[in-house]
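Asker: Input file: query20.tsv. Contents: TSV, C-alpha atoms.
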chain	number	residue	atom	x	y	z
A	1	MET	CA	-126.81	-85.94	-230.64
A	2	TYR	CA	-127.44	-88.97	-228.48
A	3	GLN	CA	-130.36	-90.82	-226.94
A	4	LEU	CA	-131.03	-92.75	-223.74
A	5	GLN	CA	-132.51	-96.16	-224.51
A	6	THR	CA	-134.15	-98.70	-222.19
A	7	ASN	CA	-134.98	-102.40	-222.34
A	8	ASN	CA	-135.33	-105.17	-219.76
A	9	GLY	CA	-134.38	-102.75	-216.98
A	10	PHE	CA	-131.18	-101.68	-218.73
A	11	VAL	CA	-130.53	-98.04	-219.59
A	12	TRP	CA	-127.86	-97.19	-222.12
A	13	VAL	CA	-126.79	-94.34	-224.39
A	14	GLU	CA	-126.57	-94.41	-228.18
A	15	ALA	CA	-124.84	-91.82	-230.37
A	16	ASP	CA	-127.18	-90.91	-233.22
A	17	ALA	CA	-124.53	-91.11	-235.96
A	18	LEU	CA	-123.62	-94.67	-235.01
A	19	ALA	CA	-127.20	-95.70	-234.23
A	20	ASN	CA	-128.20	-94.76	-237.78
A	21	ALA	CA	-125.49	-96.97	-239.31
A	22	PRO	CA	-127.10	-100.27	-240.33
A	23	ASP	CA	-123.90	-102.35	-240.13
A	24	ILE	CA	-123.09	-101.89	-236.43
A	25	ILE	CA	-124.40	-102.21	-232.89
A	26	HIS	CA	-123.02	-99.99	-230.13
A	27	ALA	CA	-123.85	-98.74	-226.64
A	28	PHE	CA	-122.52	-96.83	-223.65
A	29	SER	CA	-123.86	-98.52	-220.52
A	30	THR	CA	-125.17	-96.83	-217.39
A	31	ARG	CA	-125.34	-98.15	-213.83
A	32	HIS	CA	-128.91	-99.45	-214.32
A	33	GLY	CA	-130.04	-103.01	-214.91
A	34	GLY	CA	-127.57	-105.12	-212.96
A	35	ARG	CA	-127.46	-107.18	-209.80
A	36	SER	CA	-124.56	-105.72	-207.83
A	37	ASP	CA	-124.98	-104.41	-204.29
A	38	PHE	CA	-123.69	-101.15	-202.74
A	39	PRO	CA	-121.37	-99.46	-203.65
A	40	TYR	CA	-121.54	-101.13	-207.07
A	41	GLN	CA	-125.27	-100.90	-207.61
A	42	SER	CA	-126.33	-102.09	-209.93
A	43	LEU	CA	-124.79	-102.72	-213.36
A	44	ASN	CA	-121.12	-102.92	-212.40
A	45	LEU	CA	-119.21	-104.24	-215.43
A	46	GLY	CA	-115.70	-103.89	-213.96
A	47	LEU	CA	-113.70	-107.06	-213.33
A	48	HIS	CA	-111.00	-105.11	-211.46
A	49	THR	CA	-113.24	-104.09	-208.56
A	50	GLY	CA	-114.02	-105.53	-205.14
A	51	ASP	CA	-117.42	-106.66	-206.37
A	52	ASP	CA	-118.28	-110.37	-206.44
A	53	ILE	CA	-116.73	-111.70	-209.64
A	54	MET	CA	-119.66	-114.00	-210.43
A	55	THR	CA	-122.06	-111.07	-210.13
A	56	VAL	CA	-119.92	-108.98	-212.49
A	57	ARG	CA	-119.80	-111.83	-215.00
A	58	SER	CA	-123.57	-112.18	-214.78
A	59	ASN	CA	-123.97	-108.41	-215.30
A	60	ARG	CA	-121.73	-108.57	-218.36
A	61	ASP	CA	-123.52	-111.58	-219.84
A	62	ARG	CA	-126.98	-110.10	-219.31
A	63	PHE	CA	-125.95	-106.72	-220.71
A	64	VAL	CA	-124.50	-107.97	-224.01
A	65	THR	CA	-127.21	-110.57	-224.57
A	66	ASN	CA	-129.70	-107.70	-224.33
A	67	PHE	CA	-128.29	-106.71	-227.74
A	68	GLY	CA	-128.30	-110.24	-229.17
A	69	ILE	CA	-124.56	-110.65	-228.57
A	70	SER	CA	-123.02	-113.81	-227.13
A	71	PRO	CA	-120.34	-113.44	-224.43
A	72	LYS	CA	-118.13	-115.56	-226.73
A	73	GLU	CA	-118.28	-112.74	-229.29
A	74	VAL	CA	-116.95	-110.02	-226.95
A	75	VAL	CA	-113.28	-108.99	-226.62
A	76	SER	CA	-111.66	-106.81	-223.97
A	77	LEU	CA	-108.24	-105.63	-222.84
A	78	HIS	CA	-106.15	-105.14	-219.74
A	79	PHE	CA	-106.18	-101.34	-219.76
A	80	ILE	CA	-102.84	-99.70	-218.94
A	81	HIS	CA	-103.41	-95.98	-219.78
A	82	SER	CA	-101.24	-96.17	-222.90
A	83	ASN	CA	-101.44	-95.43	-226.62
A	84	LYS	CA	-101.09	-99.10	-227.60
A	85	VAL	CA	-103.64	-100.53	-230.05
A	86	LEU	CA	-104.25	-104.23	-230.82
A	87	GLU	CA	-106.08	-105.87	-233.72
A	88	VAL	CA	-108.87	-108.32	-232.94
A	89	GLY	CA	-109.12	-111.45	-235.07
A	90	ALA	CA	-111.79	-114.08	-235.58
A	91	LYS	CA	-110.21	-116.39	-232.99
A	92	ASP	CA	-110.20	-113.73	-230.25
A	93	GLY	CA	-113.86	-113.94	-229.31
A	94	GLY	CA	-114.42	-114.13	-225.56
A	95	LYS	CA	-110.96	-112.91	-224.57
A	96	GLY	CA	-110.98	-110.77	-221.44
A	97	PHE	CA	-114.74	-110.82	-221.06
A	98	HIS	CA	-115.08	-113.12	-218.06
A	99	SER	CA	-111.56	-112.84	-216.65
A	100	PRO	CA	-108.78	-110.26	-216.88
A	101	THR	CA	-106.22	-113.06	-217.03
A	102	ASP	CA	-107.09	-113.97	-220.62
A	103	ALA	CA	-107.52	-110.44	-221.98
A	104	LEU	CA	-106.46	-109.79	-225.57
A	105	GLY	CA	-103.42	-107.94	-224.19
A	106	ASP	CA	-102.10	-104.92	-222.33
A	107	ALA	CA	-103.36	-101.96	-224.35
A	108	ASP	CA	-106.04	-99.25	-224.52
A	109	GLY	CA	-107.29	-99.53	-228.09
A	110	MET	CA	-108.71	-102.25	-230.32
A	111	ILE	CA	-109.62	-102.44	-234.00
A	112	THR	CA	-111.22	-105.10	-236.19
A	113	ASN	CA	-112.99	-105.76	-239.47
A	114	VAL	CA	-114.30	-109.15	-238.30
A	115	PRO	CA	-118.10	-109.33	-237.98
A	116	ARG	CA	-119.60	-110.42	-234.65
A	117	ARG	CA	-116.62	-109.31	-232.56
A	118	ALA	CA	-117.73	-106.74	-229.99
A	119	LEU	CA	-114.94	-104.41	-228.83
A	120	PHE	CA	-115.64	-103.82	-225.11
A	121	VAL	CA	-113.97	-101.09	-223.01
A	122	THR	CA	-114.69	-100.29	-219.35
A	123	TYR	CA	-114.29	-96.95	-217.59
A	124	ALA	CA	-115.47	-94.76	-214.73
A	125	ASP	CA	-114.29	-91.20	-215.50
A	126	CYS	CA	-112.01	-91.87	-218.48
A	127	VAL	CA	-113.24	-91.27	-222.03
A	128	PRO	CA	-114.47	-94.19	-224.16
A	129	VAL	CA	-114.23	-93.52	-227.90
A	130	LEU	CA	-115.88	-95.65	-230.59
A	131	PHE	CA	-114.98	-95.59	-234.31
A	132	TYR	CA	-116.74	-96.79	-237.46
A	133	ASP	CA	-115.39	-96.84	-241.01
A	134	PRO	CA	-118.45	-97.43	-243.23
A	135	THR	CA	-116.40	-97.66	-246.42
A	136	HIS	CA	-114.12	-100.50	-245.31
A	137	ARG	CA	-116.50	-101.98	-242.70
A	138	ALA	CA	-114.06	-101.64	-239.85
A	139	ILE	CA	-114.45	-100.50	-236.25
A	140	GLY	CA	-112.34	-99.37	-233.32
A	141	ALA	CA	-112.70	-98.65	-229.62
A	142	CYS	CA	-110.37	-97.06	-227.13
A	143	HIS	CA	-110.09	-96.05	-223.47
A	144	ALA	CA	-108.64	-92.55	-222.96
A	145	GLY	CA	-107.65	-91.54	-219.45
A	146	TRP	CA	-105.50	-88.47	-219.04
A	147	ARG	CA	-102.31	-90.45	-219.63
A	148	GLY	CA	-103.72	-92.13	-222.71
A	149	THR	CA	-105.07	-88.83	-223.95
A	150	VAL	CA	-101.68	-87.14	-223.58
A	151	ALA	CA	-100.10	-90.13	-225.34
A	152	GLY	CA	-102.57	-89.80	-228.23
A	153	ILE	CA	-104.54	-93.04	-227.95
A	154	VAL	CA	-107.35	-91.80	-230.24
A	155	MET	CA	-104.84	-90.80	-232.92
A	156	GLU	CA	-103.05	-94.13	-232.64
A	157	THR	CA	-106.38	-95.94	-233.03
A	158	VAL	CA	-107.10	-94.03	-236.23
A	159	LYS	CA	-103.56	-94.72	-237.51
A	160	ALA	CA	-103.99	-98.42	-236.77
A	161	MET	CA	-107.21	-98.48	-238.80
A	162	GLN	CA	-105.48	-96.63	-241.64
A	163	HIS	CA	-102.64	-99.16	-241.69
A	164	ALA	CA	-104.78	-102.29	-241.30
A	165	TYR	CA	-107.83	-101.45	-243.40
A	166	GLY	CA	-107.02	-98.43	-245.55
A	167	THR	CA	-109.33	-96.22	-243.48
A	168	GLU	CA	-109.56	-92.59	-244.57
A	169	PRO	CA	-109.92	-90.38	-241.46
A	170	GLY	CA	-112.33	-88.08	-243.30
A	171	GLU	CA	-114.76	-90.99	-243.71
A	172	LEU	CA	-114.66	-92.11	-240.07
A	173	LEU	CA	-117.54	-91.70	-237.67
A	174	ALA	CA	-116.50	-91.31	-234.02
A	175	ALA	CA	-118.43	-91.15	-230.77
A	176	VAL	CA	-116.71	-89.62	-227.73
A	177	GLY	CA	-118.55	-91.04	-224.75
A	178	PRO	CA	-119.55	-90.10	-221.21
A	179	ALA	CA	-116.67	-89.04	-218.96
A	180	ILE	CA	-115.80	-86.62	-216.18
A	181	ASP	CA	-116.81	-83.13	-217.28
A	182	PRO	CA	-114.43	-80.13	-217.48
A	183	ASP	CA	-116.06	-78.42	-214.49
A	184	HIS	CA	-115.08	-81.26	-212.17
A	185	PHE	CA	-111.85	-82.74	-213.57
A	186	GLU	CA	-109.33	-81.00	-211.31
A	187	VAL	CA	-105.69	-81.88	-212.00
A	188	GLY	CA	-102.34	-80.91	-210.56
A	189	GLN	CA	-99.27	-79.34	-212.12
A	190	GLU	CA	-97.88	-82.68	-213.36
A	191	VAL	CA	-100.93	-83.34	-215.48
A	192	ALA	CA	-101.18	-79.73	-216.63
A	193	ASP	CA	-97.55	-79.77	-217.77
A	194	ALA	CA	-98.07	-83.02	-219.67
A	195	VAL	CA	-101.21	-81.68	-221.35
A	196	ALA	CA	-99.54	-78.38	-222.25
A	197	ALA	CA	-96.62	-80.21	-223.84
A	198	HIS	CA	-98.71	-82.50	-226.03
A	199	ALA	CA	-102.13	-80.90	-226.60
A	200	VAL	CA	-103.16	-79.42	-229.92
A	201	VAL	CA	-104.54	-76.23	-228.31
A	202	PRO	CA	-103.54	-76.44	-224.62
A	203	LYS	CA	-104.90	-73.03	-223.59
A	204	ARG	CA	-108.51	-74.04	-224.14
A	205	LEU	CA	-108.08	-77.35	-222.30
A	206	LEU	CA	-106.72	-76.06	-218.99
A	207	LYS	CA	-108.43	-73.52	-216.73
A	208	PRO	CA	-106.31	-72.30	-213.77
A	209	ARG	CA	-107.88	-72.37	-210.31
A	210	LYS	CA	-107.10	-70.23	-207.27
A	211	ASN	CA	-105.78	-73.30	-205.40
A	212	GLY	CA	-102.95	-73.70	-207.91
A	213	LYS	CA	-104.61	-76.56	-209.74
A	214	TYR	CA	-106.39	-76.70	-213.09
A	215	LEU	CA	-109.64	-77.88	-214.63
A	216	PHE	CA	-108.97	-80.13	-217.60
A	217	ASP	CA	-111.35	-80.62	-220.55
A	218	ILE	CA	-110.53	-84.21	-221.50
A	219	TRP	CA	-113.44	-84.36	-223.95
A	220	GLN	CA	-112.10	-81.45	-226.01
A	221	ALA	CA	-108.55	-82.81	-225.83
A	222	ASN	CA	-109.64	-85.98	-227.61
A	223	ILE	CA	-111.82	-84.14	-230.11
A	224	ASP	CA	-108.86	-81.89	-230.98
A	225	GLN	CA	-106.70	-84.94	-231.64
A	226	LEU	CA	-109.35	-86.53	-233.84
A	227	THR	CA	-109.74	-83.42	-235.98
A	228	THR	CA	-105.98	-82.99	-236.19
A	229	ILE	CA	-105.58	-86.45	-237.70
A	230	GLY	CA	-108.33	-85.72	-240.22
A	231	VAL	CA	-111.64	-86.83	-238.71
A	232	LEU	CA	-114.29	-84.29	-239.68
A	233	ARG	CA	-115.79	-82.41	-236.73
A	234	ASP	CA	-119.26	-83.03	-238.13
A	235	ASN	CA	-118.51	-86.77	-237.96
A	236	ILE	CA	-117.70	-86.67	-234.23
A	237	THR	CA	-120.54	-87.10	-231.74
A	238	LEU	CA	-119.84	-85.93	-228.22
A	239	VAL	CA	-121.96	-87.69	-225.62
A	240	ASP	CA	-121.52	-84.92	-223.06
A	241	LEU	CA	-123.04	-86.73	-220.11
A	242	SER	CA	-120.86	-86.28	-217.03
A	243	THR	CA	-119.91	-89.41	-215.10
A	244	PHE	CA	-119.12	-87.16	-212.12
A	245	ALA	CA	-122.28	-85.03	-212.11
A	246	ARG	CA	-124.77	-87.72	-213.12
A	247	ASP	CA	-124.79	-90.04	-210.12
A	248	ASP	CA	-128.21	-91.19	-211.30
A	249	LEU	CA	-126.64	-92.69	-214.43
A	250	PHE	CA	-122.94	-93.38	-213.95
A	251	PHE	CA	-120.19	-94.59	-211.67
A	252	SER	CA	-117.42	-92.06	-210.99
A	253	HIS	CA	-114.08	-92.71	-209.32
A	254	ARG	CA	-113.58	-89.00	-208.63
A	255	ARG	CA	-117.04	-88.53	-207.13
A	256	ARG	CA	-116.25	-91.13	-204.49
A	257	PHE	CA	-112.89	-89.42	-203.81
A	258	GLY	CA	-110.83	-92.51	-204.49
A	259	GLY	CA	-113.27	-94.96	-202.90
A	260	GLU	CA	-114.34	-98.22	-204.48
A	261	VAL	CA	-116.71	-97.79	-207.39
A	262	GLY	CA	-118.17	-99.77	-210.28
A	263	ARG	CA	-117.45	-99.40	-213.98
A	264	GLN	CA	-119.46	-98.61	-217.10
A	265	ALA	CA	-118.68	-100.11	-220.48
A	266	ALA	CA	-118.87	-99.09	-224.10
A	267	PHE	CA	-118.88	-101.49	-227.03
A	268	ILE	CA	-119.16	-101.54	-230.80
A	269	MET	CA	-119.68	-104.54	-233.09
A	270	LEU	CA	-120.01	-105.15	-236.81
A	271	LYS	CA	-123.16	-107.10	-237.60
Re-express the file's structure as structure tokens.
Answerer:
Amino acid sequence: MYQLQTNNGFVWVEADALANAPDIIHAFSTRHGGRSDFPYQSLNLGLHTGDDIMTVRSNRDRFVTNFGISPKEVVSLHFIHSNKVLEVGAKDGGKGFHSPTDALGDADGMITNVPRRALFVTYADCVPVLFYDPTHRAIGACHAGWRGTVAGIVMETVKAMQHAYGTEPGELLAAVGPAIDPDHFEVGQEVADAVAAHAVVPKRLLKPRKNGKYLFDIWQANIDQLTTIGVLRDNITLVDLSTFARDDLFFSHRRRFGGEVGRQAAFIMLK
């Protein structure tokens, strides 16, 4: 389960399993609480948009400080829709938070066991996934668009945590965040072919439409990959809030039919 939380005008989502863990702080942002104007109103956290960069930086600063986190403690990536995962060290604080030019690197996943390093991923319709290993006090975060999903970014994030920290997948807690829902994620034959070739159970992920296209369940695709690598289904929280359908809460690239749109963010940090 998950809960909507509010403070200082901000509205965010917490996954119950992670919220009950005393060692971490996490959140999935919504569009509420910022200072951006149309069409980015109001909490646009995306640096790669046409929004005023100083406003975006202010939104980012105000959002993380709402949780007692300094901007110098946050780390982000240049997202490339890949399955590449990078490890965050103590000296990486602040990278990619105020400017994309100093991002940690070109990748879509991050892991760390360093306290006070918030792993920060932005998205509109893609799936943010957060990980917590309570045994080894390690965390991970990844950005899973359809390309990253097909490439197995969530599995690669788990593997990276196994290699770096000795994480046992069966002990991991994972939160699969807000994204475009399966009733609205229409894809063409290219995507359907890629999903069919790499998915664990492709038949339940793709629903044919009369127009020759398909509806793709990107949430279930990532959950299937997590369970395949050994994460227990009971340890996976799905935050099934649709970025497409919930205009009152989220930005959605698809809802604006390719038009300019803001970005949400998800983060996780070890206390």
Asker: Given 4 Å on each side, where is the centre and what are the edge lengths in Å to one decimal of the axis-aligned box enclosing the listed atoms of region 222-229 of chain A, as JSON?
Answerer:
{"center_x": -108.7, "center_y": -84.2, "center_z": -232.7, "size_x": 14.2, "size_y": 12.6, "size_z": 18.1}
Asker: Using only C-alpha atoms, which of A:Arg263, A:His78, A:Lys159, A:Lys271 sits nearest Ser36 (chain A)?
Answerer: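 For Ser36 (chain A), the nearest of the candidates is A:Arg263.
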Asker: Using all atoms listed in the file, which of the listed residues (A:Phe131, A:Ser29, A:Asn7, A:Leu47) sits closest to Thr101 (chain A)?
Answerer: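 Smallest distance to Thr101 (chain A) is found for A:Leu47.
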Asker: Per residue of region 7-39 of chain A within 12 Å of region 114-121 of chain A, note the shortest atom pair and the distance in Å to one decimal, counting only C-alpha atoms, and order the rows by chain and increasing residue number, as CSV.
Answerer:
residue,atom,partner,partner_atom,distance
A:Asp23,CA,A:Pro115,CA,9.3
A:Ile24,CA,A:Pro115,CA,9.1
A:Ile25,CA,A:Ala118,CA,8.6
A:His26,CA,A:Ala118,CA,8.6
A:Ala27,CA,A:Phe120,CA,9.8
A:Phe28,CA,A:Val121,CA,9.6
A:Ser29,CA,A:Val121,CA,10.5
Asker: Need the shell around Asp108 (chain A): protein/DNA/RNA residues with any atom at most 6 Å away, counting all atoms listed in the file. Skip same-chain ones fewer than 3 positions apart. Format as a list in words?
Answerer: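 Counting all atoms listed in the file, the residues come to Phe79, Ser82, Lys84, Cys142 and His143 of chain A.
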Asker: Please return as a list in words every residue within 12 Å of (-110.7, -75.4, -208.9), taking into account only C-alpha atoms and the file's own coordinates.
Answerer: Pro182, Asp183, His184, Phe185, Glu186, Val187, Gly188, Leu206, Lys207, Pro208, Arg209, Lys210, Asn211, Gly212, Lys213, Tyr214, Leu215 and Phe216 of chain A
Asker: Can those selected residues be exported to a file as a PDB file, in the frame of the given file so that it contains C-alpha atoms?
Answerer:
ATOM      1  CA  PRO A 182    -114.430 -80.130-217.480  1.00  0.00           C
ATOM      2  CA  ASP A 183    -116.060 -78.420-214.490  1.00  0.00           C
ATOM      3  CA  HIS A 184    -115.080 -81.260-212.170  1.00  0.00           C
ATOM      4  CA  PHE A 185    -111.850 -82.740-213.570  1.00  0.00           C
ATOM      5  CA  GLU A 186    -109.330 -81.000-211.310  1.00  0.00           C
ATOM      6  CA  VAL A 187    -105.690 -81.880-212.000  1.00  0.00           C
ATOM      7  CA  GLY A 188    -102.340 -80.910-210.560  1.00  0.00           C
ATOM      8  CA  LEU A 206    -106.720 -76.060-218.990  1.00  0.00           C
ATOM      9  CA  LYS A 207    -108.430 -73.520-216.730  1.00  0.00           C
ATOM     10  CA  PRO A 208    -106.310 -72.300-213.770  1.00  0.00           C
ATOM     11  CA  ARG A 209    -107.880 -72.370-210.310  1.00  0.00           C
ATOM     12  CA  LYS A 210    -107.100 -70.230-207.270  1.00  0.00           C
ATOM     13  CA  ASN A 211    -105.780 -73.300-205.400  1.00  0.00           C
ATOM     14  CA  GLY A 212    -102.950 -73.700-207.910  1.00  0.00           C
ATOM     15  CA  LYS A 213    -104.610 -76.560-209.740  1.00  0.00           C
ATOM     16  CA  TYR A 214    -106.390 -76.700-213.090  1.00  0.00           C
ATOM     17  CA  LEU A 215    -109.640 -77.880-214.630  1.00  0.00           C
ATOM     18  CA  PHE A 216    -108.970 -80.130-217.600  1.00  0.00           C
TER      19      PHE A 216
END
Asker: (-102.2, -105.8, -218.3) in this file's frame - what residues fall within 8 Å of it? Use only C-alpha atoms and give the answer as a PyMOL selection string.
Answerer: chain A and resi 77-80+103+105-107
Asker: State, in Å with one decimal place, the distance from CA of Glu73 (chain A) to CA of Gly93 (chain A).
Answerer: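 Pair CA of Glu73 (chain A) / CA of Gly93 (chain A) returns 4.6 Å.
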Asker: Can you work out which one of A:Glu190, A:Asp248, A:Asp51, A:Glu171 has the shortest atom-to-atom distance to Arg137 (chain A), counting all atoms listed in the file?
Answerer: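 Checking each candidate against Arg137 (chain A), we get A:Glu171 as the closest.
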Asker: Have a look at CA of Ser242 (chain A) and CA of Thr6 (chain A) and let me know their distance in Å, one decimal.
Answerer: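 Calculated distance between CA of Ser242 (chain A) and CA of Thr6 (chain A) is 18.9 Å.
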Asker: With all atoms listed in the file as the counted atoms, please give the residues lying no more than 12 Å from Asp247 (chain A), apart from itself and same-chain residues fewer than 3 positions off, as a PDB file with C-alpha atoms, keeping the file's coordinate frame.
Answerer:
ATOM      1  CA  THR A  30    -125.170 -96.830-217.390  1.00  0.00           C
ATOM      2  CA  ARG A  31    -125.340 -98.150-213.830  1.00  0.00           C
ATOM      3  CA  HIS A  32    -128.910 -99.450-214.320  1.00  0.00           C
ATOM      4  CA  PRO A  39    -121.370 -99.460-203.650  1.00  0.00           C
ATOM      5  CA  TYR A  40    -121.540-101.130-207.070  1.00  0.00           C
ATOM      6  CA  GLN A  41    -125.270-100.900-207.610  1.00  0.00           C
ATOM      7  CA  ALA A 124    -115.470 -94.760-214.730  1.00  0.00           C
ATOM      8  CA  ASP A 125    -114.290 -91.200-215.500  1.00  0.00           C
ATOM      9  CA  ILE A 180    -115.800 -86.620-216.180  1.00  0.00           C
ATOM     10  CA  LEU A 241    -123.040 -86.730-220.110  1.00  0.00           C
ATOM     11  CA  SER A 242    -120.860 -86.280-217.030  1.00  0.00           C
ATOM     12  CA  THR A 243    -119.910 -89.410-215.100  1.00  0.00           C
ATOM     13  CA  PHE A 244    -119.120 -87.160-212.120  1.00  0.00           C
ATOM     14  CA  PHE A 250    -122.940 -93.380-213.950  1.00  0.00           C
ATOM     15  CA  PHE A 251    -120.190 -94.590-211.670  1.00  0.00           C
ATOM     16  CA  SER A 252    -117.420 -92.060-210.990  1.00  0.00           C
ATOM     17  CA  HIS A 253    -114.080 -92.710-209.320  1.00  0.00           C
ATOM     18  CA  ARG A 254    -113.580 -89.000-208.630  1.00  0.00           C
ATOM     19  CA  ARG A 255    -117.040 -88.530-207.130  1.00  0.00           C
ATOM     20  CA  ARG A 256    -116.250 -91.130-204.490  1.00  0.00           C
ATOM     21  CA  VAL A 261    -116.710 -97.790-207.390  1.00  0.00           C
ATOM     22  CA  GLY A 262    -118.170 -99.770-210.280  1.00  0.00           C
TER      23      GLY A 262
END
Asker: Given only C-alpha atoms as the basis, pick out the residue of A:Thr228, A:Asn83, A:Asn44, A:Thr65 nearest to Ala144 (chain A).
Answerer: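 Of A:Thr228, A:Asn83, A:Asn44, A:Thr65, the one nearest Ala144 (chain A), counting only C-alpha atoms, is A:Asn83.
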Asker: Check the smallest atom-to-atom distance from each of A:Val176, A:Met110, A:Met161, A:Ile229 to Gly89 (chain A) using all atoms listed in the file, then report the winner.
Answerer: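 Between A:Val176, A:Met110, A:Met161, A:Ile229, the residue approaching Gly89 (chain A) most closely is A:Met110.
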